[in-house]
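Novice: File name upload-v3.tsv; file contents TSV, C-alpha atoms; full text below.
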chain	number	residue	atom	x	y	z
A	1	MET	CA	-37.47	-73.25	36.27
A	2	LYS	CA	-40.58	-74.50	34.51
A	3	ARG	CA	-42.82	-73.30	37.36
A	4	GLU	CA	-41.11	-69.91	37.35
A	5	LEU	CA	-41.65	-69.54	33.62
A	6	LEU	CA	-45.30	-70.49	34.00
A	7	GLY	CA	-45.79	-67.89	36.74
A	8	LYS	CA	-44.09	-65.16	34.71
A	9	GLY	CA	-46.06	-66.11	31.61
A	10	VAL	CA	-49.45	-66.03	33.32
A	11	MET	CA	-48.70	-62.77	35.15
A	12	GLY	CA	-47.29	-61.09	32.03
A	13	LEU	CA	-50.26	-62.18	29.95
A	14	PHE	CA	-52.77	-61.01	32.57
A	15	VAL	CA	-51.15	-57.59	33.11
A	16	GLY	CA	-50.55	-57.15	29.37
A	17	ILE	CA	-54.16	-57.87	28.43
A	18	SER	CA	-55.38	-55.56	31.22
A	19	LEU	CA	-53.22	-52.69	29.95
A	20	VAL	CA	-54.40	-53.28	26.38
A	21	VAL	CA	-58.05	-53.15	27.50
A	22	VAL	CA	-57.51	-49.95	29.54
A	23	GLY	CA	-55.63	-48.32	26.65
A	24	ILE	CA	-58.34	-49.21	24.13
A	25	LEU	CA	-61.13	-47.97	26.41
A	26	GLY	CA	-59.30	-44.70	27.10
A	27	GLY	CA	-58.63	-44.09	23.42
A	28	ARG	CA	-62.19	-45.00	22.51
A	29	GLN	CA	-63.57	-42.54	25.08
A	30	LEU	CA	-61.46	-39.72	23.65
A	31	HIS	CA	-62.49	-40.69	20.12
A	32	ILE	CA	-66.16	-40.55	21.09
A	33	LEU	CA	-65.69	-37.23	22.87
A	34	TRP	CA	-63.90	-35.37	20.08
A	35	ASN	CA	-65.24	-37.13	16.96
A	36	ILE	CA	-68.74	-38.44	17.70
A	37	TRP	CA	-70.24	-35.95	20.16
A	38	PRO	CA	-72.12	-33.25	18.21
A	39	SER	CA	-70.97	-29.64	18.28
A	40	THR	CA	-73.06	-26.55	18.94
A	41	ASP	CA	-72.58	-22.86	19.65
A	42	GLY	CA	-72.23	-21.85	23.28
A	43	VAL	CA	-72.38	-18.36	24.81
A	44	VAL	CA	-70.28	-17.60	27.90
A	45	VAL	CA	-72.54	-16.65	30.82
A	46	ARG	CA	-69.79	-16.35	33.44
A	47	SER	CA	-66.28	-17.68	34.02
A	48	ALA	CA	-63.79	-18.17	36.83
A	49	VAL	CA	-60.43	-19.80	37.57
A	50	GLN	CA	-60.51	-23.02	39.56
A	51	GLU	CA	-57.60	-24.70	41.29
A	52	VAL	CA	-56.97	-28.36	40.51
A	53	LEU	CA	-54.95	-30.20	43.15
A	54	SER	CA	-53.18	-33.37	42.05
A	55	VAL	CA	-51.60	-35.70	44.60
A	56	PRO	CA	-48.69	-37.75	43.20
A	57	TYR	CA	-48.61	-41.49	43.73
A	58	ALA	CA	-45.01	-41.44	44.97
A	59	LYS	CA	-44.71	-41.58	48.75
A	60	GLY	CA	-43.64	-38.25	50.17
A	61	GLY	CA	-44.27	-36.38	46.91
A	62	LEU	CA	-45.53	-32.82	47.10
A	63	PRO	CA	-49.03	-32.04	45.76
A	64	ILE	CA	-49.19	-30.43	42.33
A	65	HIS	CA	-51.28	-27.28	41.91
A	66	ASN	CA	-52.82	-26.53	38.50
A	67	PHE	CA	-55.27	-23.82	37.51
A	68	SER	CA	-57.83	-24.08	34.74
A	69	PRO	CA	-60.65	-21.85	33.48
A	70	LYS	CA	-64.13	-22.89	34.52
A	71	VAL	CA	-66.76	-21.53	32.17
A	72	GLU	CA	-70.56	-21.58	32.23
A	73	PHE	CA	-72.18	-21.77	28.77
A	74	ARG	CA	-75.72	-21.22	27.53
A	75	TYR	CA	-76.64	-23.26	24.45
A	76	SER	CA	-79.59	-24.94	22.75
A	77	VAL	CA	-80.03	-28.60	21.77
A	78	GLY	CA	-83.17	-29.75	19.97
A	79	GLY	CA	-84.95	-26.47	20.70
A	80	LYS	CA	-84.26	-26.75	24.45
A	81	SER	CA	-82.02	-24.28	26.25
A	82	TYR	CA	-79.28	-25.44	28.62
A	83	THR	CA	-76.89	-23.65	30.97
A	84	THR	CA	-73.93	-25.81	31.99
A	85	GLU	CA	-70.64	-25.16	33.75
A	86	ALA	CA	-67.56	-27.12	32.69
A	87	PRO	CA	-63.79	-26.91	33.27
A	88	SER	CA	-61.40	-26.39	30.39
A	89	VAL	CA	-59.08	-29.25	29.40
A	90	ASN	CA	-56.19	-26.77	29.27
A	91	ALA	CA	-54.57	-26.05	32.63
A	92	SER	CA	-51.87	-23.58	33.71
A	93	ASP	CA	-49.28	-23.89	36.46
A	94	THR	CA	-50.08	-20.47	37.94
A	95	TYR	CA	-53.26	-18.57	38.74
A	96	GLU	CA	-52.08	-15.54	36.78
A	97	LYS	CA	-51.67	-17.52	33.54
A	98	ALA	CA	-55.10	-19.12	33.90
A	99	ALA	CA	-56.71	-15.75	34.66
A	100	ALA	CA	-55.02	-14.15	31.63
A	101	SER	CA	-56.21	-17.01	29.38
A	102	LEU	CA	-59.71	-16.66	30.80
A	103	ALA	CA	-59.80	-12.90	30.23
A	104	ARG	CA	-58.47	-13.29	26.68
A	105	LEU	CA	-60.67	-16.16	25.49
A	106	TYR	CA	-63.74	-16.58	27.66
A	107	THR	CA	-65.13	-13.15	28.45
A	108	LYS	CA	-68.84	-12.89	29.10
A	109	GLY	CA	-70.98	-12.91	25.95
A	110	THR	CA	-68.37	-14.49	23.65
A	111	HIS	CA	-69.32	-17.46	21.49
A	112	HIS	CA	-67.41	-20.75	21.42
A	113	PRO	CA	-68.00	-24.19	19.86
A	114	ILE	CA	-68.78	-26.79	22.49
A	115	ARG	CA	-69.40	-30.54	22.30
A	116	TYR	CA	-72.24	-32.22	24.15
A	117	ASN	CA	-73.22	-35.76	24.97
A	118	PRO	CA	-76.23	-36.61	22.77
A	119	GLY	CA	-77.53	-38.91	25.48
A	120	ASN	CA	-77.15	-36.22	28.16
A	121	PRO	CA	-76.87	-32.69	26.68
A	122	SER	CA	-75.96	-31.29	30.11
A	123	GLU	CA	-72.55	-32.97	29.77
A	124	ILE	CA	-70.27	-30.77	27.66
A	125	ARG	CA	-66.62	-30.24	26.76
A	126	PHE	CA	-64.94	-27.21	25.25
A	127	GLY	CA	-61.51	-26.01	24.23
A	128	THR	CA	-58.85	-27.78	22.19
A	129	ILE	CA	-58.08	-31.49	22.26
A	130	ASP	CA	-55.82	-32.51	25.13
A	131	PHE	CA	-53.34	-34.99	23.67
A	132	GLY	CA	-51.96	-35.97	27.09
A	133	PRO	CA	-54.64	-38.63	27.85
A	134	LEU	CA	-54.45	-39.85	24.23
A	135	ALA	CA	-50.67	-40.33	24.50
A	136	PHE	CA	-51.11	-42.08	27.84
A	137	SER	CA	-53.66	-44.48	26.32
A	138	PHE	CA	-51.24	-45.20	23.47
A	139	VAL	CA	-48.41	-45.94	25.93
A	140	LEU	CA	-50.68	-48.32	27.86
A	141	LEU	CA	-51.67	-50.08	24.64
A	142	VAL	CA	-48.07	-50.56	23.46
A	143	GLY	CA	-46.89	-51.66	26.91
A	144	GLY	CA	-49.74	-54.13	27.16
A	145	ILE	CA	-48.91	-55.65	23.78
A	146	VAL	CA	-45.23	-56.04	24.76
A	147	LEU	CA	-46.09	-57.69	28.08
A	148	SER	CA	-48.61	-60.00	26.42
A	149	ILE	CA	-46.04	-61.16	23.88
A	150	ALA	CA	-43.45	-61.74	26.63
A	151	GLY	CA	-46.00	-63.71	28.67
A	152	MET	CA	-46.93	-65.88	25.72
A	153	ASN	CA	-43.25	-66.52	25.01
A	154	SER	CA	-42.69	-67.67	28.61
A	155	LEU	CA	-45.67	-70.02	28.42
A	156	VAL	CA	-44.42	-71.53	25.15
A	157	ILE	CA	-40.95	-72.13	26.63
A	158	ALA	CA	-42.47	-73.70	29.77
A	159	HIS	CA	-44.60	-76.00	27.63
A	160	ALA	CA	-41.54	-77.05	25.62
A	161	LEU	CA	-39.62	-77.85	28.83
A	162	LYS	CA	-42.54	-79.91	30.08
A	163	ALA	CA	-42.52	-81.96	26.88
A	164	GLU	CA	-38.77	-82.61	27.20
A	165	VAL	CA	-38.80	-83.81	30.82
A	166	ALA	CA	-41.90	-85.99	30.46
A	167	PRO	CA	-40.92	-89.71	30.68
A	168	ALA	CA	-41.42	-91.78	27.57
A	169	LYS	CA	-44.35	-94.13	27.79
A	170	GLU	CA	-43.52	-97.84	27.78
A	171	LYS	CA	-44.58	-99.60	24.65
A	172	ARG	CA	-47.06	-102.28	25.54
A	173	VAL	CA	-46.70	-105.62	23.78
A	174	PRO	CA	-50.11	-107.09	23.03
A	175	ALA	CA	-50.83	-110.42	24.67
A	176	PRO	CA	-51.00	-113.42	22.32
A	177	VAL	CA	-54.49	-114.27	21.20
A	178	VAL	CA	-55.52	-117.90	21.61
A	179	SER	CA	-58.42	-119.09	19.49
A	180	ILE	CA	-61.50	-120.70	21.03
A	181	ALA	CA	-60.69	-123.98	19.29
A	182	GLU	CA	-57.26	-124.08	20.86
A	183	ARG	CA	-58.68	-123.28	24.29
A	184	ALA	CA	-61.20	-126.18	23.99
A	185	GLY	CA	-58.57	-128.72	22.96
A	186	PRO	CA	-57.11	-131.33	25.38
A	187	GLU	CA	-54.30	-130.36	27.68
A	188	PRO	CA	-50.86	-131.50	26.47
A	189	ALA	CA	-49.86	-134.86	27.95
A	190	VAL	CA	-47.32	-134.90	30.77
A	191	VAL	CA	-44.07	-136.71	29.84
A	192	THR	CA	-43.40	-139.65	32.16
A	193	ILE	CA	-40.49	-142.07	32.75
A	194	HIS	CA	-40.10	-145.27	34.76
A	195	CYS	CA	-38.13	-145.51	37.98
A	196	PRO	CA	-35.08	-147.76	37.34
A	197	ALA	CA	-35.39	-149.18	40.89
A	198	CYS	CA	-39.09	-150.00	41.32
A	199	GLY	CA	-40.37	-149.60	37.75
A	200	ARG	CA	-43.19	-147.23	38.73
A	201	PRO	CA	-44.06	-144.36	36.31
A	202	VAL	CA	-42.60	-141.04	37.43
A	203	LYS	CA	-42.95	-137.52	35.96
A	204	ALA	CA	-39.94	-136.50	33.96
A	205	ASN	CA	-39.41	-133.36	36.09
A	206	GLU	CA	-39.25	-135.28	39.38
A	207	ASP	CA	-35.87	-135.51	41.12
A	208	THR	CA	-36.71	-138.59	43.22
A	209	CYS	CA	-39.17	-141.46	42.87
A	210	PRO	CA	-42.18	-140.80	45.13
A	211	ASN	CA	-42.52	-144.59	45.65
A	212	CYS	CA	-39.03	-145.80	46.59
A	213	LEU	CA	-37.29	-142.41	46.97
A	214	LYS	CA	-34.65	-143.39	44.42
A	215	ALA	CA	-32.67	-140.45	43.07
A	216	LEU	CA	-33.56	-140.07	39.42
A	217	ARG	CA	-30.92	-137.44	38.47
A	218	ALA	CA	-27.19	-137.86	38.62
A	219	ALA	CA	-25.44	-135.54	41.03
Would you put the structure from the file into structure tokens?

Specialist:
Amino acid sequence: MKRELLGKGVMGLFVGISLVVVGILGGRQLHILWNIWPSTDGVVVRSAVQEVLSVPYAKGGLPIHNFSPKVEFRYSVGGKSYTTEAPSVNASDTYEKAAASLARLYTKGTHHPIRYNPGNPSEIRFGTIDFGPLAFSFVLLVGGIVLSIAGMNSLVIAHALKAEVAPAKEKRVPAPVVSIAERAGPEPAVVTIHCPACGRPVKANEDTCPNCLKALRAA
């Protein structure tokens, strides 16, 4: 169970952090596009309807057809004139709707505010803010935070289980310390007795006399 919790925790934390990073980057890109890029006046040179084909990720899903206006603008940045074509962020599900929107809003010679990349003025955006990508970035951010919290929780539980099952360390008793003076002293004398048969000295822990083999201990 501990290994399973560790695996879930690491995977949840990795996926969660990845989603948070993607969500932040996506939101930051939209913020830069609609709040930091400068705005200028653009004149419609020509316009057309382009088909946008989206292939779903689901296996066997049918392709999705969208239609969006594609407009070419003429504008000036820093005294230099540019002519750039860009698709609108607003798409329609039919060609007729996109063509009607194009004829109503982007006829030749009309003026519209456009935003351009200050580092590359040829890169422009026009139209209203599309909140779809912003909402998607927000969903990624929230989902990433939830997965990260769940992953951290699994890792904490796994660590707690590891601490519970770890065997207690044996307490070591320090060895007695003998002073140098005691080590240099004479060895304690060995206790001796006399054999009752032959009278020779015998160590007290001997069972028989090594001289006459007399038993020294009663049975």

Novice: Report as a PyMOL selection string all protein, DNA and RNA residues lying within 12 Å of A:Phe126, evaluated on only C-alpha atoms, omitting residues in the same chain fewer than 2 positions from it.

Specialist: chain A and resi 33-34+37-44+69-73+84-90+105-106+111-117+123-124+128-130

Novice: I'd like to know which of A:Val10, A:Leu19, A:Ala197, A:Val49 is closest to A:Gly143, using all atoms listed in the file.

Specialist: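 Result for the nearest residue to A:Gly143: A:Leu19.
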
Novice: Residues proximal to (-80.4, -29.4, 26.2) were defined as those with any atom within 10 Å of that point in the file's coordinates, counting only C-alpha atoms. Which are they, as number ranges by chain?

Specialist: A: 74-84, 116-123

Novice: Between atom CA of A:Gly27 and atom CA of A:Val15, what is the spacing in Å?

Specialist: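 The value is 18.2 Å.
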
Novice: Could you name the residues that touch A:Leu6 at 7 Å or less, counting all atoms listed in the file, but leaving out those on the same chain fewer than 2 positions away, as a ChimeraX atom specification?

Specialist: /A:2-4,8-10,154-155,158

Novice: Mind checking which residues fall within 8 Å of stretch 97-102 of chain A, counting all atoms listed in the file, ignoring those fewer than 2 positions away in the same chain, and posting them as a list in words?

Specialist: Ser47, Ala48, Val49, Phe67, Ser68, Pro69, Ala91, Ser92, Asp93, Thr94, Tyr95, Arg104, Leu105, Tyr106 and Thr107 of chain A

Novice: Can you tell me which residues surround A:Asn153 at a distance of at most 10 Å, considering only C-alpha atoms, apart from same-chain residues fewer than 3 positions away, and format the answer as a list in words?

Specialist: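 My list of contacting residues is Leu5, Lys8, Gly9, Gly12, Leu13, Leu147, Ser148, Ile149, Ala150, Val156, Ile157, Ala158 and His159 of chain A.
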
Novice: Distance atom CA of A:Val146-atom CA of A:Val22, one decimal place?

Specialist: 14.5 Å

Novice: State, in Å with one decimal place, the distance from atom CA of A:Lys108 to atom CA of A:Glu96.

Specialist: 18.6 Å

Novice: Just the residues within 8 Å of A:Cys195, please, counting all atoms listed in the file, with nothing from its chain fewer than 4 positions along; format it as an mmCIF file with C-alpha atoms, in the frame of the given file.

Specialist:
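Printed below is part01.cif as written:
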data_model
loop_
_atom_site.group_PDB
_atom_site.id
_atom_site.type_symbol
_atom_site.label_atom_id
_atom_site.label_comp_id
_atom_site.auth_asym_id
_atom_site.auth_seq_id
_atom_site.Cartn_x
_atom_site.Cartn_y
_atom_site.Cartn_z
ATOM 1 C CA GLY A 199 -40.370 -149.600 37.750
ATOM 2 C CA ARG A 200 -43.190 -147.230 38.730
ATOM 3 C CA PRO A 201 -44.060 -144.360 36.310
ATOM 4 C CA VAL A 202 -42.600 -141.040 37.430
ATOM 5 C CA CYS A 209 -39.170 -141.460 42.870
ATOM 6 C CA LYS A 214 -34.650 -143.390 44.420
ATOM 7 C CA LEU A 216 -33.560 -140.070 39.420
#

Novice: Calculated over only C-alpha atoms, which of the candidates A:Gly127, A:Gly109, A:Gly151, A:Pro196 has the smallest distance to A:Gly16?

Specialist: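 Using only C-alpha atoms, the shortest distance to A:Gly16 belongs to A:Gly151.
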